[in-house]
$ cat start.cif   # mmCIF, C-alpha atoms and all ligand atoms
data_protein
loop_
_atom_site.label_atom_id
_atom_site.label_comp_id
_atom_site.auth_asym_id
_atom_site.auth_seq_id
_atom_site.Cartn_x
_atom_site.Cartn_y
_atom_site.Cartn_z
CA MET E 380 12.35 75.00 -156.93
CA GLY E 381 14.09 71.63 -157.12
CA PRO E 382 17.75 71.73 -156.08
CA VAL E 383 20.30 70.58 -158.67
CA ALA E 384 24.09 70.72 -158.43
CA ARG E 385 26.82 69.52 -160.75
CA VAL E 386 30.46 68.61 -160.21
CA TYR E 387 32.77 68.36 -163.23
CA THR E 388 36.16 66.62 -163.09
CA GLN E 389 38.59 66.76 -165.99
CA THR E 390 41.11 64.02 -166.71
CA ASN E 391 44.15 64.01 -168.99
CA SER E 392 42.76 61.05 -170.92
CA ARG E 393 39.56 59.02 -171.26
CA PHE E 394 41.30 56.01 -169.74
CA TRP E 395 37.97 54.28 -169.01
CA GLU E 396 37.42 53.82 -172.75
CA SER E 397 40.36 51.41 -173.00
CA ASP E 398 38.15 48.56 -171.79
CA GLY E 399 35.04 49.68 -173.68
CA ARG E 400 33.25 51.77 -171.02
CA ASN E 401 31.69 55.09 -172.14
CA GLY E 402 32.11 56.86 -168.77
CA PHE E 403 28.42 57.03 -167.83
CA ALA E 404 27.22 55.32 -164.64
CA SER E 405 24.20 54.79 -162.41
CA VAL E 406 24.81 54.83 -158.65
CA ASP E 407 22.72 54.22 -155.51
CA GLN E 408 22.61 57.95 -154.71
CA ALA E 409 20.41 60.82 -155.93
CA MET E 410 22.64 61.52 -158.92
CA ASP E 411 23.49 60.43 -162.43
CA ILE E 412 27.07 60.22 -163.70
CA TRP E 413 27.62 61.48 -167.22
CA SER E 414 30.66 61.76 -169.44
CA PRO E 415 29.85 64.73 -171.70
CA THR E 416 33.13 64.43 -173.65
CA PHE E 417 32.28 60.95 -174.93
CA ASP E 418 31.77 62.13 -178.54
CA GLN E 419 34.10 65.15 -178.57
CA PRO E 420 37.44 65.44 -180.35
CA GLY E 421 40.63 65.54 -178.27
CA LYS E 422 42.01 63.16 -175.68
CA ARG E 423 40.88 64.75 -172.41
CA GLY E 424 37.77 63.58 -170.58
CA ILE E 425 35.17 65.02 -168.22
CA VAL E 426 33.22 62.93 -165.73
CA MET E 427 30.28 64.85 -164.30
CA SER E 428 27.69 64.23 -161.62
CA TYR E 429 24.14 65.54 -162.00
CA ILE E 430 23.01 65.69 -158.36
CA TYR E 431 19.44 66.31 -157.23
CA GLU E 432 17.07 66.22 -154.23
CA ASP E 433 18.52 66.52 -150.69
CA LEU E 434 21.93 65.41 -151.87
CA ALA E 435 22.09 68.51 -154.11
CA VAL E 436 21.42 70.69 -151.04
CA GLN E 437 24.26 68.91 -149.21
CA TYR E 438 26.69 69.52 -152.07
CA SER E 439 25.50 73.12 -152.49
CA ASN E 440 26.47 73.82 -148.88
CA MET E 441 30.03 72.52 -149.35
CA SER E 442 33.05 74.41 -150.69
CA GLU E 443 33.96 73.80 -154.33
CA GLU E 444 37.12 71.92 -153.30
CA ALA E 445 35.20 69.69 -150.87
CA GLN E 446 32.61 68.87 -153.57
CA ILE E 447 35.36 67.94 -156.01
CA GLN E 448 37.16 65.73 -153.47
CA ARG E 449 33.93 63.97 -152.48
CA SER E 450 33.14 63.38 -156.15
CA LEU E 451 36.62 62.05 -156.86
CA ASP E 452 36.19 59.53 -154.00
CA LEU E 453 33.03 58.28 -155.75
CA PHE E 454 34.40 58.45 -159.31
CA GLU E 455 37.49 56.52 -158.22
CA GLN E 456 35.22 53.59 -157.29
CA ILE E 457 33.56 53.77 -160.74
CA HIS E 458 36.71 54.42 -162.77
CA PRO E 459 39.75 53.23 -160.77
CA GLY E 460 42.66 55.54 -161.65
CA MET E 461 40.51 58.67 -161.69
CA ARG E 462 42.69 60.51 -159.15
CA ASP E 463 45.89 59.68 -161.05
CA HIS E 464 44.44 61.19 -164.26
CA PHE E 465 42.64 64.14 -162.60
CA GLU E 466 43.61 67.63 -163.87
CA GLY E 467 41.02 70.01 -162.43
CA GLY E 468 37.38 70.44 -161.46
CA ALA E 469 34.49 72.88 -161.37
CA THR E 470 31.08 73.01 -159.71
CA TRP E 471 27.74 74.71 -160.26
CA SER E 472 24.65 74.90 -158.07
CA TRP E 473 21.32 76.19 -159.38
CA GLN E 474 20.21 76.14 -155.73
CA ASN E 475 22.86 78.74 -154.85
CA HIS E 476 22.28 81.00 -157.84
CA PRO E 477 20.38 84.10 -156.62
CA TYR E 478 18.24 84.39 -159.76
CA SER E 479 17.22 80.72 -160.06
CA LYS E 480 17.42 79.20 -156.54
CA GLY E 481 16.74 75.83 -158.14
CA ALA E 482 16.43 74.07 -161.48
CA TYR E 483 12.70 73.48 -162.01
CA MET E 484 9.44 73.64 -160.13
CA ILE E 485 8.47 70.75 -157.88
CA THR E 486 5.47 70.54 -155.59
CA ARG E 487 4.99 68.79 -152.29
CA PRO E 488 2.05 66.36 -151.98
CA GLU E 489 -1.31 68.11 -152.48
CA GLU E 490 0.30 71.42 -153.58
CA PHE E 491 -0.23 70.73 -157.26
CA ARG E 492 -3.97 70.70 -156.62
CA THR E 493 -4.12 73.44 -153.96
CA VAL E 494 -1.47 75.96 -155.05
CA MET E 495 -0.96 75.57 -158.78
CA PRO E 496 -4.30 77.06 -159.90
CA TYR E 497 -3.29 80.36 -158.27
CA VAL E 498 0.38 80.60 -159.30
CA SER E 499 -0.38 81.95 -162.77
CA THR E 500 -3.32 84.13 -161.73
CA PRO E 501 -2.61 87.81 -162.59
CA GLU E 502 -2.35 90.25 -159.72
CA GLY E 503 -3.90 93.38 -161.17
CA ARG E 504 -1.72 94.36 -164.15
CA VAL E 505 1.09 92.00 -163.06
CA HIS E 506 1.18 88.67 -164.91
CA PHE E 507 3.38 85.70 -163.96
CA ALA E 508 5.11 83.60 -166.62
CA GLY E 509 7.60 80.74 -166.75
CA GLU E 510 7.66 77.01 -166.27
CA HIS E 511 6.83 77.31 -162.56
CA THR E 512 3.41 78.70 -163.55
CA SER E 513 2.72 75.82 -165.93
CA THR E 514 0.81 72.66 -165.19
CA TRP E 515 3.50 70.97 -167.34
CA PRO E 516 6.60 71.96 -165.31
CA GLY E 517 10.20 71.42 -166.40
C1 LIG E 601 20.25 71.57 -164.50
C2 LIG E 601 18.85 71.60 -165.04
C3 LIG E 601 18.32 70.45 -165.55
C4 LIG E 601 17.03 70.43 -166.06
N1 LIG E 601 16.56 69.28 -166.57
C5 LIG E 601 15.33 69.25 -167.11
C6 LIG E 601 14.83 68.07 -167.72
O1 LIG E 601 15.52 67.05 -167.81
N2 LIG E 601 13.57 68.08 -168.21
C7 LIG E 601 12.77 69.20 -168.16
O2 LIG E 601 11.63 69.14 -168.63
N3 LIG E 601 13.24 70.34 -167.60
C8 LIG E 601 14.49 70.40 -167.09
N4 LIG E 601 14.95 71.56 -166.54
C9 LIG E 601 14.04 72.67 -166.42
C10 LIG E 601 13.90 73.50 -167.65
O3 LIG E 601 15.17 73.79 -168.20
C11 LIG E 601 13.20 74.79 -167.22
O4 LIG E 601 12.04 74.47 -166.50
C12 LIG E 601 12.79 75.63 -168.40
O5 LIG E 601 13.90 75.93 -169.22
C13 LIG E 601 12.19 76.93 -167.88
O6 LIG E 601 11.68 77.63 -168.99
P1 LIG E 601 11.22 79.13 -168.83
O7 LIG E 601 10.84 79.57 -170.20
O8 LIG E 601 10.25 79.28 -167.71
O9 LIG E 601 12.50 79.90 -168.32
P2 LIG E 601 13.97 80.07 -169.00
O10 LIG E 601 14.28 78.91 -169.92
O11 LIG E 601 14.84 80.37 -167.84
O12 LIG E 601 13.73 81.35 -169.91
C14 LIG E 601 13.67 82.65 -169.37
C15 LIG E 601 14.30 83.56 -170.39
O13 LIG E 601 14.08 84.92 -170.00
C16 LIG E 601 15.26 85.64 -170.23
N5 LIG E 601 15.20 86.83 -169.37
C17 LIG E 601 15.35 86.91 -168.02
N6 LIG E 601 15.21 88.17 -167.60
C18 LIG E 601 14.96 88.92 -168.71
C19 LIG E 601 14.69 90.30 -168.93
N7 LIG E 601 14.65 91.18 -167.92
N8 LIG E 601 14.47 90.70 -170.20
C20 LIG E 601 14.47 89.83 -171.23
N9 LIG E 601 14.71 88.50 -171.08
C21 LIG E 601 14.95 88.06 -169.83
C22 LIG E 601 16.38 84.68 -169.88
O14 LIG E 601 17.60 85.05 -170.48
C23 LIG E 601 15.82 83.37 -170.47
O15 LIG E 601 16.20 83.19 -171.82
C24 LIG E 601 16.26 71.62 -166.04
C25 LIG E 601 16.80 72.79 -165.53
C26 LIG E 601 18.09 72.79 -165.04
C27 LIG E 601 18.66 74.07 -164.50
#

$ encode --input "start.cif" --output "structure tokens" --more "lines below"
Ligand SMILES: Cc1cc2nc3c(=O)[nH]c(=O)nc-3n(C[C@H](O)[C@H](O)[C@H](O)COP(=O)(O)OP(=O)(O)OC[C@H]3O[C@@H](n4cnc5c(N)ncnc54)[C@H](O)[C@@H]3O)c2cc1C
Amino acid sequence: MGPVARVYTQTNSRFWESDGRNGFASVDQAMDIWSPTFDQPGKRGIVMSYIYEDLAVQYSNMSEEAQIQRSLDLFEQIHPGMRDHFEGGATWSWQNHPYSKGAYMITRPEEFRTVMPYVSTPEGRVHFAGEHTSTWPG
């Protein structure tokens, strides 16, 4: 399963909108930065990172507080003033969740051809279902 982690930081205002920015960003790391509050009522904002690949494993192995501080260091570069407006944060790791252990199926080179045909093959009366058994994963 592909590792995915998210870090959410809440601010007391969407101060980045004052100069026309919507809060979203692309960075040179294995993550996207989203601002899911962009079209919501109220004045508070959330800046969120959607982290994947090895970087998601790194974040998943850190404490929640360490993930939030590392994210604030990055978000401060994108939206200067982030730490001054910060109110609180939260994290989630699909990698760490015992019933998912990841977000979606990914295969290493060659595995799609060698392993996939067998993943959905019934074992006696036991049948396997879900996106990880599909040739159209995700
Ligand atoms: C953060 C994240 C981002 C993603 N981004 C994308 C993306 O951009 N594009 C993409 O294509 N895919 C994406 N995916 C993957 C996609 O969401 C999953 O691959 C897809 O939802 C899996 O579908 P599924 O039907 O196999 O399983 P699920 O959607 O997990 O459905 C399983 C269902 O079974 C139910 N269930 C479990 N146990 C029982 C039980 N005992 N009895 C009855 N019901 C039960 C669950 O409640 C659930 O509703 C993402 C996933 C995550 C986590």

$ residues_near_ligand --input "start.cif" --ligand "ligand LIG 601 (chain E)" --cutoff "8 Å" --atoms "only C-alpha atoms and all ligand atoms" --output "JSON list (two decimals) with C-alpha atoms, in the coordinates of the input"
[["chain", "number", "residue", "atom", "x", "y", "z"],
["E", 383, "VAL", "CA", 20.30, 70.58, -158.67],
["E", 384, "ALA", "CA", 24.09, 70.72, -158.43],
["E", 385, "ARG", "CA", 26.82, 69.52, -160.75],
["E", 429, "TYR", "CA", 24.14, 65.54, -162.00],
["E", 473, "TRP", "CA", 21.32, 76.19, -159.38],
["E", 481, "GLY", "CA", 16.74, 75.83, -158.14],
["E", 482, "ALA", "CA", 16.43, 74.07, -161.48],
["E", 483, "TYR", "CA", 12.70, 73.48, -162.01],
["E", 484, "MET", "CA", 9.44, 73.64, -160.13],
["E", 508, "ALA", "CA", 5.11, 83.60, -166.62],
["E", 509, "GLY", "CA", 7.60, 80.74, -166.75],
["E", 510, "GLU", "CA", 7.66, 77.01, -166.27],
["E", 511, "HIS", "CA", 6.83, 77.31, -162.56],
["E", 516, "PRO", "CA", 6.60, 71.96, -165.31],
["E", 517, "GLY", "CA", 10.20, 71.42, -166.40]]

$ residues_around --input "start.cif" --residues "E:Phe465" --least-positions-apart "3" --cutoff "6 Å" --atoms "only C-alpha atoms" --output "PyMOL selection string"
chain E and resi 389-390+461-462

$ residues_around --input "start.cif" --residues "stretch 489-495 of chain E" --least-positions-apart "5" --cutoff "10 Å" --atoms "all atoms listed in the file" --output "MDAnalysis selection string"
chainID E and resid 500 511:514

$ write_last_selection --input "start.cif" --atoms "C-alpha atoms" --output "mmCIF file, in the coordinates of the input"
data_model
loop_
_atom_site.group_PDB
_atom_site.id
_atom_site.type_symbol
_atom_site.label_atom_id
_atom_site.label_comp_id
_atom_site.auth_asym_id
_atom_site.auth_seq_id
_atom_site.Cartn_x
_atom_site.Cartn_y
_atom_site.Cartn_z
ATOM 1 C CA THR E 500 -3.320 84.130 -161.730
ATOM 2 C CA HIS E 511 6.830 77.310 -162.560
ATOM 3 C CA THR E 512 3.410 78.700 -163.550
ATOM 4 C CA SER E 513 2.720 75.820 -165.930
ATOM 5 C CA THR E 514 0.810 72.660 -165.190
#

$ residues_around --input "start.cif" --residues "stretch 449-457 of chain E" --least-positions-apart "4" --cutoff "8 Å" --atoms "all atoms listed in the file" --output "JSON, numbers by chain"
{"E": [386, 388, 404, 426, 428, 445, 461, 462]}

$ atom_distance --input "start.cif" --atom1 "atom CA of E:Pro382" --atom2 "atom CA of E:Ile412"
16.7 Å

$ atom_distance --input "start.cif" --atom1 "atom CA of E:Gln448" --atom2 "atom CA of E:Asp407"
18.6 Å

$ closest_residue --input "start.cif" --among "E:Thr486, E:Ser392, E:Ser405, E:Ser499" --to "E:Gly421" --atoms "all atoms listed in the file"
E:Ser392

$ closest_residue --input "start.cif" --among "E:Tyr387, E:Glu432, E:Pro488, E:Trp395" --to "E:Thr470" --atoms "all atoms listed in the file"
E:Tyr387

$ atom_distance --input "start.cif" --atom1 "atom CA of E:Ile430" --atom2 "atom CA of E:Ile447"
12.8 Å

$ closest_residue --input "start.cif" --among "E:Tyr497, E:Trp515, E:Phe507, E:Phe403" --to "E:Met427" --atoms "only C-alpha atoms"
E:Phe403

$ closest_residue --input "start.cif" --among "E:Gly424, E:His464, E:Ser439, E:Asp433" --to "E:Ala409" --atoms "all atoms listed in the file"
E:Asp433

$ residues_around --input "start.cif" --residues "E:Phe394" --least-positions-apart "4" --cutoff "10 Å" --atoms "all atoms listed in the file" --output "ChimeraX atom specification"
/E:390,398-402,422-424,458-461,464

$ decode --input "start.cif" --residues "stretch 465-486 of chain E" --atoms "N, CA and C atoms" --output "CSV table (one decimal), in the first residue's frame"
chain,number,residue,atom,x,y,z
E,465,PHE,N,-0.9,30.9,13.7
E,465,PHE,CA,-1.1,29.5,14.0
E,465,PHE,C,-1.9,29.3,15.3
E,466,GLU,N,-3.0,28.5,15.2
E,466,GLU,CA,-3.8,28.2,16.4
E,466,GLU,C,-3.7,26.8,16.9
E,467,GLY,N,-3.5,25.8,16.0
E,467,GLY,CA,-3.5,24.4,16.4
E,467,GLY,C,-3.3,23.5,15.2
E,468,GLY,N,-2.9,22.3,15.4
E,468,GLY,CA,-2.7,21.4,14.3
E,468,GLY,C,-3.2,20.0,14.6
E,469,ALA,N,-3.2,19.2,13.5
E,469,ALA,CA,-3.6,17.8,13.6
E,469,ALA,C,-2.9,17.0,12.5
E,470,THR,N,-2.7,15.7,12.7
E,470,THR,CA,-2.1,14.9,11.7
E,470,THR,C,-2.9,13.6,11.5
E,471,TRP,N,-2.7,12.9,10.4
E,471,TRP,CA,-3.2,11.6,10.1
E,471,TRP,C,-2.3,10.9,9.2
E,472,SER,N,-2.1,9.6,9.5
E,472,SER,CA,-1.3,8.7,8.6
E,472,SER,C,-2.0,7.5,8.3
E,473,TRP,N,-2.3,7.3,7.0
E,473,TRP,CA,-2.9,6.0,6.6
E,473,TRP,C,-1.9,4.9,6.7
E,474,GLN,N,-0.6,5.2,6.6
E,474,GLN,CA,0.4,4.2,6.8
E,474,GLN,C,0.3,3.6,8.2
E,475,ASN,N,0.0,4.4,9.2
E,475,ASN,CA,0.0,4.0,10.6
E,475,ASN,C,-1.3,3.3,11.0
E,476,HIS,N,-2.3,3.5,10.2
E,476,HIS,CA,-3.6,3.0,10.6
E,476,HIS,C,-3.6,1.4,10.5
E,477,PRO,N,-4.0,0.7,11.6
E,477,PRO,CA,-3.8,-0.8,11.5
E,477,PRO,C,-4.7,-1.4,10.5
E,478,TYR,N,-5.8,-0.8,10.1
E,478,TYR,CA,-6.7,-1.5,9.1
E,478,TYR,C,-6.5,-1.0,7.7
E,479,SER,N,-5.7,0.0,7.5
E,479,SER,CA,-5.4,0.4,6.1
E,479,SER,C,-3.9,0.2,5.7
E,480,LYS,N,-3.0,0.6,6.6
E,480,LYS,CA,-1.6,0.5,6.4
E,480,LYS,C,-1.1,1.1,5.1
E,481,GLY,N,-1.9,2.1,4.6
E,481,GLY,CA,-1.5,2.8,3.4
E,481,GLY,C,-2.8,3.3,2.7
E,482,ALA,N,-2.7,4.1,1.6
E,482,ALA,CA,-3.8,4.8,1.0
E,482,ALA,C,-4.4,4.0,-0.2
E,483,TYR,N,-3.5,3.4,-1.0
E,483,TYR,CA,-4.0,2.8,-2.2
E,483,TYR,C,-2.8,1.8,-2.7
E,484,MET,N,-3.2,0.9,-3.5
E,484,MET,CA,-2.2,-0.1,-3.9
E,484,MET,C,-1.2,0.5,-4.9
E,485,ILE,N,0.0,0.2,-4.7
E,485,ILE,CA,1.0,0.5,-5.7
E,485,ILE,C,1.9,-0.7,-5.9
E,486,THR,N,2.4,-0.9,-7.1
E,486,THR,CA,3.3,-2.1,-7.4
E,486,THR,C,4.7,-1.6,-7.7
